[in-house]
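Participant: Input structure: query.cif, which contains mmCIF, C-alpha atoms.
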data_query
#
loop_
_atom_site.label_atom_id
_atom_site.label_comp_id
_atom_site.auth_asym_id
_atom_site.auth_seq_id
_atom_site.Cartn_x
_atom_site.Cartn_y
_atom_site.Cartn_z
CA MET A 239 45.43 122.68 -53.58
CA LYS A 240 42.68 124.15 -51.48
CA PRO A 241 43.07 124.25 -47.69
CA ARG A 242 39.90 122.21 -47.39
CA THR A 243 41.39 119.42 -49.56
CA LYS A 244 44.66 119.50 -47.61
CA ARG A 245 42.77 119.14 -44.34
CA GLY A 246 40.72 116.23 -45.74
CA LEU A 247 43.87 114.43 -46.91
CA ALA A 248 45.56 114.99 -43.53
CA ILE A 249 42.54 113.57 -41.70
CA ALA A 250 42.35 110.57 -44.06
CA GLY A 251 46.09 109.93 -43.64
CA GLY A 252 45.80 110.16 -39.85
CA LEU A 253 42.86 107.75 -39.79
CA ALA A 254 44.73 105.29 -42.04
CA SER A 255 47.80 105.46 -39.77
CA LEU A 256 45.64 104.94 -36.69
CA GLY A 257 43.95 101.94 -38.35
CA VAL A 258 47.30 100.32 -39.23
CA ALA A 259 48.60 100.91 -35.68
CA ALA A 260 45.46 99.40 -34.15
CA TYR A 261 45.74 96.37 -36.44
CA LEU A 262 49.38 95.78 -35.47
CA VAL A 263 48.61 96.08 -31.75
CA LEU A 264 45.72 93.60 -32.03
CA GLN A 265 47.85 91.13 -34.02
CA THR A 266 50.60 91.26 -31.40
CA PHE A 267 48.08 90.82 -28.60
CA GLN A 268 46.47 87.84 -30.36
CA SER A 269 49.81 86.10 -30.92
CA ASN A 270 50.78 86.50 -27.23
CA LEU A 271 47.45 85.28 -25.87
CA VAL A 272 47.82 81.98 -23.98
CA PHE A 273 44.77 80.07 -22.75
CA PHE A 274 44.48 77.75 -19.73
CA PHE A 275 43.18 74.18 -20.02
CA SER A 276 42.69 71.42 -17.46
CA PRO A 277 43.82 67.82 -18.10
CA SER A 278 40.16 66.88 -18.64
CA GLN A 279 39.85 69.50 -21.36
CA VAL A 280 43.08 68.27 -22.98
CA TYR A 281 41.70 64.71 -22.83
CA ALA A 282 38.49 65.93 -24.52
CA ASN A 283 40.58 67.49 -27.35
CA GLU A 284 39.52 71.03 -26.43
CA ALA A 285 43.13 72.24 -26.29
CA PRO A 286 44.59 73.81 -29.45
CA LYS A 287 46.87 71.77 -31.70
CA ASN A 288 50.31 73.21 -32.53
CA LYS A 289 49.71 76.29 -30.38
CA LEU A 290 50.97 77.35 -26.96
CA PHE A 291 48.60 76.99 -24.02
CA ARG A 292 48.77 76.44 -20.28
CA ILE A 293 47.82 73.30 -18.44
CA GLY A 294 47.25 73.24 -14.72
CA GLY A 295 46.46 70.84 -11.95
CA LEU A 296 48.36 68.75 -9.43
CA VAL A 297 51.64 66.92 -9.91
CA LYS A 298 50.61 63.27 -9.59
CA GLU A 299 52.16 61.37 -6.68
CA GLY A 300 55.06 59.15 -7.78
CA SER A 301 55.17 60.58 -11.31
CA ILE A 302 58.33 62.71 -11.23
CA VAL A 303 61.19 61.10 -13.17
CA ARG A 304 64.41 63.11 -13.44
CA ASP A 305 67.04 62.41 -16.08
CA PRO A 306 70.26 61.57 -14.23
CA GLY A 307 72.96 64.09 -15.03
CA GLY A 308 70.64 66.37 -16.95
CA LEU A 309 67.87 68.88 -16.61
CA LYS A 310 65.12 66.79 -18.24
CA VAL A 311 62.13 66.00 -16.06
CA ASN A 312 59.01 63.97 -16.82
CA PHE A 313 55.92 64.20 -14.64
CA ILE A 314 52.16 63.91 -14.83
CA VAL A 315 49.68 66.74 -14.30
CA THR A 316 46.27 65.58 -13.09
CA ASP A 317 42.93 67.10 -12.21
CA THR A 318 42.01 63.84 -10.46
CA ALA A 319 39.87 62.76 -13.44
CA HIS A 320 42.45 62.71 -16.24
CA ASP A 321 46.23 62.77 -16.49
CA VAL A 322 48.54 64.49 -18.97
CA PRO A 323 52.22 63.50 -19.24
CA VAL A 324 54.59 66.47 -19.27
CA GLN A 325 58.22 66.76 -20.38
CA TYR A 326 60.30 69.73 -19.32
CA GLU A 327 63.95 70.62 -19.69
CA GLY A 328 65.26 73.27 -17.34
CA LEU A 329 65.34 74.29 -13.72
CA LEU A 330 62.16 73.69 -11.79
CA PRO A 331 60.84 76.09 -9.12
CA ASP A 332 61.83 75.26 -5.53
CA LEU A 333 58.18 74.65 -4.60
CA PHE A 334 57.66 72.06 -7.35
CA LYS A 335 56.66 68.81 -5.57
CA GLU A 336 54.39 65.81 -5.99
CA GLY A 337 50.84 66.47 -4.89
CA LYS A 338 51.20 70.25 -5.25
CA GLY A 339 49.64 72.65 -7.73
CA VAL A 340 51.45 73.43 -10.97
CA VAL A 341 50.85 75.38 -14.17
CA ALA A 342 52.94 74.56 -17.25
CA GLN A 343 53.07 76.46 -20.52
CA GLY A 344 53.87 74.70 -23.78
CA GLN A 345 52.15 72.57 -26.39
CA LEU A 346 51.18 68.98 -27.10
CA ASP A 347 53.36 66.91 -29.39
CA GLN A 348 52.03 64.30 -31.82
CA ASN A 349 52.28 61.60 -29.11
CA GLY A 350 50.00 63.49 -26.70
CA ILE A 351 52.88 64.51 -24.41
CA PHE A 352 52.84 68.11 -23.23
CA GLN A 353 56.20 69.71 -24.05
CA ALA A 354 56.53 72.42 -21.41
CA LYS A 355 58.60 75.52 -22.02
CA GLN A 356 57.85 77.00 -18.59
CA VAL A 357 56.73 75.48 -15.28
CA LEU A 358 55.22 77.50 -12.44
CA ALA A 359 54.57 76.14 -8.96
CA LYS A 360 52.23 77.59 -6.39
CA HIS A 361 53.92 80.12 -4.15
CA ASP A 362 52.63 79.04 -0.72
CA GLU A 363 50.67 76.23 0.85
CA ASN A 364 47.28 77.97 0.66
CA TYR A 365 47.34 79.17 -2.93
CA MET A 366 46.38 77.50 -6.16
CA PRO A 367 45.63 79.28 -9.44
CA PRO A 368 41.85 79.87 -9.59
CA GLU A 369 41.57 78.07 -12.94
CA ALA A 370 43.36 75.00 -11.56
CA ALA A 371 41.25 74.96 -8.39
CA GLU A 372 38.06 75.24 -10.46
CA ALA A 373 39.17 72.44 -12.81
CA LEU A 374 39.96 70.17 -9.85
CA GLU A 375 36.59 70.83 -8.26
CA LYS A 376 34.76 70.16 -11.55
CA ALA A 377 36.63 66.89 -12.04
CA LYS A 378 35.94 65.91 -8.43
CA SER A 379 32.22 66.65 -8.77
CA LYS A 380 31.97 64.42 -11.87
CA ASP A 381 33.57 61.45 -10.11
CA PRO A 382 33.60 61.72 -6.29
CA GLN A 383 35.50 58.41 -6.01
CA ALA A 384 38.26 59.58 -8.37
CA ALA A 385 40.78 61.09 -6.02
CA PRO A 386 41.40 63.08 -2.86
CA THR A 387 39.76 66.42 -2.34
CA LEU A 388 41.51 69.69 -3.04
CA LYS A 389 41.88 70.29 0.70
CA GLU A 390 43.80 67.01 1.11
CA TYR A 391 46.35 68.34 -1.38
CA GLY A 392 46.78 71.57 0.59
CA GLY A 393 44.83 73.71 -1.84
CA LYS A 394 42.28 76.36 -1.01
CA LYS A 395 39.05 77.10 -2.81
#
I need this file expressed as C-alpha coordinates, please.
Facilitator:
Amino acid sequence: MKPRTKRGLAIAGGLASLGVAAYLVLQTFQSNLVFFFSPSQVYANEAPKNKLFRIGGLVKEGSIVRDPGGLKVNFIVTDTAHDVPVQYEGLLPDLFKEGKGVVAQGQLDQNGIFQAKQVLAKHDENYMPPEAAEALEKAKSKDPQAAPTLKEYGGKK
(Lines of atoms letter the chains of each structure in order from A and count residues from 1; the text may use other names and numbers.)
(Lines give C-alpha, C1' and ligand atoms only; values in the text may rest on other atoms or scores of the structure.)
Protein backbone atom coordinates (compact mmCIF):
# COMPACT_ATOMS: atom_id res chain seq x y z
CA MET A 1 0.00 0.00 0.00
CA LYS A 2 1.26 3.42 -0.90
CA PRO A 3 2.03 5.92 1.86
CA ARG A 4 -0.47 8.29 0.32
CA THR A 5 -3.26 5.67 0.60
CA LYS A 6 -2.28 4.85 4.19
CA ARG A 7 -2.44 8.53 5.11
CA GLY A 8 -5.86 8.88 3.44
CA LEU A 9 -7.23 5.86 5.33
CA ALA A 10 -5.83 7.18 8.63
CA ILE A 11 -7.47 10.57 8.06
CA ALA A 12 -10.79 8.95 7.08
CA GLY A 13 -10.66 6.70 10.16
CA GLY A 14 -9.88 9.66 12.41
CA LEU A 15 -12.75 11.69 10.96
CA ALA A 16 -15.15 8.75 11.39
CA SER A 17 -14.06 8.32 15.03
CA LEU A 18 -14.48 12.04 15.66
CA GLY A 19 -17.96 11.95 14.10
CA VAL A 20 -19.06 9.01 16.28
CA ALA A 21 -17.68 10.72 19.41
CA ALA A 22 -19.48 13.97 18.57
CA TYR A 23 -22.73 12.08 17.98
CA LEU A 24 -22.49 10.30 21.34
CA VAL A 25 -21.74 13.54 23.20
CA LEU A 26 -24.72 15.29 21.57
CA GLN A 27 -27.04 12.36 22.35
CA THR A 28 -25.99 12.40 26.01
CA PHE A 29 -26.43 16.16 26.19
CA GLN A 30 -29.90 15.94 24.61
CA SER A 31 -31.07 13.24 27.02
CA ASN A 32 -29.91 15.27 30.06
CA LEU A 33 -31.48 18.53 28.91
CA VAL A 34 -34.33 19.63 31.22
CA PHE A 35 -36.54 22.60 30.34
CA PHE A 36 -38.36 24.98 32.71
CA PHE A 37 -42.11 25.63 32.46
CA SER A 38 -44.46 27.81 34.49
CA PRO A 39 -47.85 26.54 35.73
CA SER A 40 -49.52 28.64 33.02
CA GLN A 41 -47.46 26.88 30.35
CA VAL A 42 -48.33 23.49 31.85
CA TYR A 43 -52.01 24.51 31.84
CA ALA A 44 -51.68 25.48 28.16
CA ASN A 45 -50.24 22.00 27.38
CA GLU A 46 -46.85 23.42 26.38
CA ALA A 47 -45.00 21.07 28.74
CA PRO A 48 -43.71 17.78 27.29
CA LYS A 49 -45.63 14.56 27.90
CA ASN A 50 -43.73 11.61 29.43
CA LYS A 51 -40.52 13.62 29.69
CA LEU A 52 -38.71 15.27 32.59
CA PHE A 53 -39.03 19.03 32.96
CA ARG A 54 -38.93 21.64 35.69
CA ILE A 55 -41.86 23.61 37.00
CA GLY A 56 -41.42 26.71 39.09
CA GLY A 57 -43.45 29.25 40.95
CA LEU A 58 -44.74 29.78 44.47
CA VAL A 59 -45.98 27.17 46.92
CA LYS A 60 -49.66 28.08 47.29
CA GLU A 61 -50.76 29.13 50.78
CA GLY A 62 -52.56 26.33 52.64
CA SER A 63 -51.72 23.69 50.02
CA ILE A 64 -49.06 21.61 51.79
CA VAL A 65 -50.41 18.22 52.91
CA ARG A 66 -47.92 15.84 54.53
CA ASP A 67 -48.53 12.11 54.80
CA PRO A 68 -48.46 11.25 58.52
CA GLY A 69 -45.66 8.85 59.28
CA GLY A 70 -44.18 9.04 55.81
CA LEU A 71 -42.19 11.21 53.47
CA LYS A 72 -44.98 11.88 50.95
CA VAL A 73 -45.94 15.51 50.48
CA ASN A 74 -48.61 17.06 48.26
CA PHE A 75 -48.60 20.77 47.47
CA ILE A 76 -49.60 23.20 44.75
CA VAL A 77 -47.22 25.31 42.66
CA THR A 78 -48.78 28.50 41.34
CA ASP A 79 -47.77 31.44 39.19
CA THR A 80 -50.82 33.32 40.49
CA ALA A 81 -52.73 32.60 37.26
CA HIS A 82 -52.76 28.80 37.24
CA ASP A 83 -52.05 26.03 39.73
CA VAL A 84 -50.36 22.65 39.30
CA PRO A 85 -50.69 19.94 41.96
CA VAL A 86 -47.38 18.31 42.90
CA GLN A 87 -46.61 15.03 44.66
CA TYR A 88 -43.18 14.41 46.11
CA GLU A 89 -41.71 11.66 48.23
CA GLY A 90 -38.53 12.50 50.08
CA LEU A 91 -36.94 15.09 52.29
CA LEU A 92 -37.79 18.68 51.47
CA PRO A 93 -35.29 21.54 51.73
CA ASP A 94 -35.34 23.48 55.01
CA LEU A 95 -36.44 26.65 53.20
CA PHE A 96 -39.49 24.97 51.63
CA LYS A 97 -42.54 26.92 52.89
CA GLU A 98 -45.93 28.15 51.74
CA GLY A 99 -45.77 31.38 49.80
CA LYS A 100 -42.10 30.90 48.89
CA GLY A 101 -40.44 30.18 45.56
CA VAL A 102 -39.88 26.58 44.50
CA VAL A 103 -38.60 24.67 41.48
CA ALA A 104 -39.51 20.99 41.11
CA GLN A 105 -38.17 18.53 38.57
CA GLY A 106 -40.24 15.58 37.39
CA GLN A 107 -43.05 14.84 34.97
CA LEU A 108 -46.82 14.95 34.68
CA ASP A 109 -48.79 11.77 35.20
CA GLN A 110 -51.96 10.88 33.28
CA ASN A 111 -54.10 12.67 35.90
CA GLY A 112 -52.30 16.00 35.45
CA ILE A 113 -50.41 15.71 38.75
CA PHE A 114 -46.74 16.64 38.63
CA GLN A 115 -44.70 13.75 40.08
CA ALA A 116 -41.59 15.48 41.41
CA LYS A 117 -38.30 13.65 41.70
CA GLN A 118 -36.46 16.68 43.10
CA VAL A 119 -37.62 19.85 44.87
CA LEU A 120 -35.47 22.97 45.20
CA ALA A 121 -36.36 25.94 47.39
CA LYS A 122 -34.96 29.43 47.09
CA HIS A 123 -31.84 29.93 49.16
CA ASP A 124 -32.58 33.31 50.78
CA GLU A 125 -35.42 35.77 51.13
CA ASN A 126 -34.37 37.96 48.18
CA TYR A 127 -33.77 35.30 45.55
CA MET A 128 -36.09 33.60 43.13
CA PRO A 129 -35.01 31.73 39.99
CA PRO A 130 -35.16 34.20 37.07
CA GLU A 131 -37.49 31.94 35.09
CA ALA A 132 -39.92 31.69 38.01
CA ALA A 133 -39.84 35.45 38.63
CA GLU A 134 -40.49 36.12 34.94
CA ALA A 135 -43.37 33.62 34.84
CA LEU A 136 -44.96 35.22 37.91
CA GLU A 137 -44.68 38.69 36.43
CA LYS A 138 -46.19 37.53 33.11
CA ALA A 139 -49.10 35.87 34.90
CA LYS A 140 -49.60 38.97 37.05
CA SER A 141 -49.61 41.27 34.01
CA LYS A 142 -52.32 39.16 32.31
CA ASP A 143 -54.63 39.33 35.33
CA PRO A 144 -53.74 42.10 37.83
CA GLN A 145 -56.57 40.98 40.16
CA ALA A 146 -55.31 37.37 40.26
CA ALA A 147 -53.00 37.38 43.24
CA PRO A 148 -50.45 39.29 45.30
CA THR A 149 -47.43 40.81 43.67
CA LEU A 150 -44.05 39.13 43.65
CA LYS A 151 -42.81 41.62 46.24
CA GLU A 152 -45.58 40.58 48.67
CA TYR A 153 -44.21 37.03 48.50
CA GLY A 154 -40.69 38.20 49.33
CA GLY A 155 -39.36 37.77 45.82
CA LYS A 156 -37.12 40.14 43.93
CA LYS A 157 -37.28 41.04 40.27
Participant: What would the list of residues within 10 Å of (55.5, 68.4, -3.8) (file frame) look like as number ranges by chain, if all atoms listed in the file are what count?
Facilitator: A: 296-299, 302, 332-340, 359, 391
Participant: What is the CA of Ala342 in chain A to CA of Leu262 in chain A distance in Å?
Facilitator: 28.2 Å
Participant: So which one's closest to Tyr281 in chain A, A:Ser255, A:Ser301, A:Thr316, A:Thr266? Using all atoms listed in the file, please.
Facilitator: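 Residue with the minimum atom-to-atom distance to Tyr281 in chain A: A:Thr316.
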Participant: Extract, using all atoms listed in the file, all DNA, RNA and protein residues at most 12 Å from Gln325 in chain A, discarding same-chain residues fewer than 3 positions from it, and format them as a PyMOL selection string.
Facilitator: chain A and resi 301-305+309-315+322+328+330+342-347+349-357
Participant: Here is a test: counting all atoms listed in the file, which residue of A:Tyr326, A:Asp321, A:Leu358, A:Gln265 is nearest to Ala377 in chain A?
Facilitator: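 Ranking A:Tyr326, A:Asp321, A:Leu358, A:Gln265 by distance to Ala377 in chain A, first place goes to A:Asp321.
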Participant: Using only C-alpha atoms, find the one residue out of A:Val263, A:Leu271, A:Val341, A:Ala373 that sits nearest to Asp317 in chain A.
Facilitator: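 When distances to Asp317 in chain A are compared using only C-alpha atoms, the smallest one comes from A:Ala373.
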Participant: Since the input is missing atoms, can you rebuild N, CA, C and O atoms for range 322-336 of chain A and write them as an mmCIF file, keeping the file's coordinate frame?
Facilitator:
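Saved result, part.cif, follows:
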data_model
loop_
_atom_site.group_PDB
_atom_site.id
_atom_site.type_symbol
_atom_site.label_atom_id
_atom_site.label_comp_id
_atom_site.auth_asym_id
_atom_site.auth_seq_id
_atom_site.Cartn_x
_atom_site.Cartn_y
_atom_site.Cartn_z
ATOM 1 N N VAL A 322 47.813 64.092 -17.778
ATOM 2 C CA VAL A 322 48.540 64.490 -18.970
ATOM 3 C C VAL A 322 50.032 64.389 -18.667
ATOM 4 O O VAL A 322 50.517 65.019 -17.733
ATOM 5 N N PRO A 323 50.770 63.580 -19.450
ATOM 6 C CA PRO A 323 52.220 63.500 -19.240
ATOM 7 C C PRO A 323 52.897 64.779 -19.727
ATOM 8 O O PRO A 323 52.514 65.340 -20.749
ATOM 9 N N VAL A 324 53.894 65.220 -18.969
ATOM 10 C CA VAL A 324 54.590 66.470 -19.270
ATOM 11 C C VAL A 324 56.084 66.198 -19.320
ATOM 12 O O VAL A 324 56.618 65.473 -18.480
ATOM 13 N N GLN A 325 56.760 66.782 -20.312
ATOM 14 C CA GLN A 325 58.220 66.760 -20.380
ATOM 15 C C GLN A 325 58.698 68.203 -20.290
ATOM 16 O O GLN A 325 58.131 69.095 -20.936
ATOM 17 N N TYR A 326 59.749 68.391 -19.500
ATOM 18 C CA TYR A 326 60.300 69.730 -19.320
ATOM 19 C C TYR A 326 61.806 69.630 -19.215
ATOM 20 O O TYR A 326 62.329 68.701 -18.597
ATOM 21 N N GLU A 327 62.501 70.566 -19.816
ATOM 22 C CA GLU A 327 63.950 70.620 -19.690
ATOM 23 C C GLU A 327 64.313 72.000 -19.153
ATOM 24 O O GLU A 327 64.055 73.018 -19.798
ATOM 25 N N GLY A 328 64.880 72.015 -17.975
ATOM 26 C CA GLY A 328 65.260 73.270 -17.340
ATOM 27 C C GLY A 328 65.177 73.149 -15.834
ATOM 28 O O GLY A 328 64.907 72.080 -15.285
ATOM 29 N N LEU A 329 65.411 74.267 -15.180
ATOM 30 C CA LEU A 329 65.340 74.290 -13.720
ATOM 31 C C LEU A 329 63.892 74.452 -13.282
ATOM 32 O O LEU A 329 63.167 75.287 -13.798
ATOM 33 N N LEU A 330 63.513 73.634 -12.322
ATOM 34 C CA LEU A 330 62.160 73.690 -11.790
ATOM 35 C C LEU A 330 62.119 74.625 -10.583
ATOM 36 O O LEU A 330 63.121 74.785 -9.883
ATOM 37 N N PRO A 331 60.967 75.241 -10.303
ATOM 38 C CA PRO A 331 60.840 76.090 -9.120
ATOM 39 C C PRO A 331 61.087 75.273 -7.845
ATOM 40 O O PRO A 331 60.850 74.065 -7.805
ATOM 41 N N ASP A 332 61.556 75.930 -6.799
ATOM 42 C CA ASP A 332 61.830 75.260 -5.530
ATOM 43 C C ASP A 332 60.583 74.606 -4.946
ATOM 44 O O ASP A 332 60.671 73.589 -4.266
ATOM 45 N N LEU A 333 59.414 75.174 -5.177
ATOM 46 C CA LEU A 333 58.180 74.650 -4.600
ATOM 47 C C LEU A 333 57.532 73.545 -5.424
ATOM 48 O O LEU A 333 56.452 73.065 -5.093
ATOM 49 N N PHE A 334 58.185 73.124 -6.504
ATOM 50 C CA PHE A 334 57.660 72.060 -7.350
ATOM 51 C C PHE A 334 57.804 70.731 -6.615
ATOM 52 O O PHE A 334 58.905 70.287 -6.296
ATOM 53 N N LYS A 335 56.669 70.087 -6.303
ATOM 54 C CA LYS A 335 56.660 68.810 -5.570
ATOM 55 C C LYS A 335 55.453 67.991 -5.999
ATOM 56 O O LYS A 335 54.471 68.524 -6.517
ATOM 57 N N GLU A 336 55.529 66.700 -5.722
ATOM 58 C CA GLU A 336 54.390 65.810 -5.990
ATOM 59 C C GLU A 336 53.227 66.200 -5.084
ATOM 60 O O GLU A 336 53.415 66.544 -3.924
#
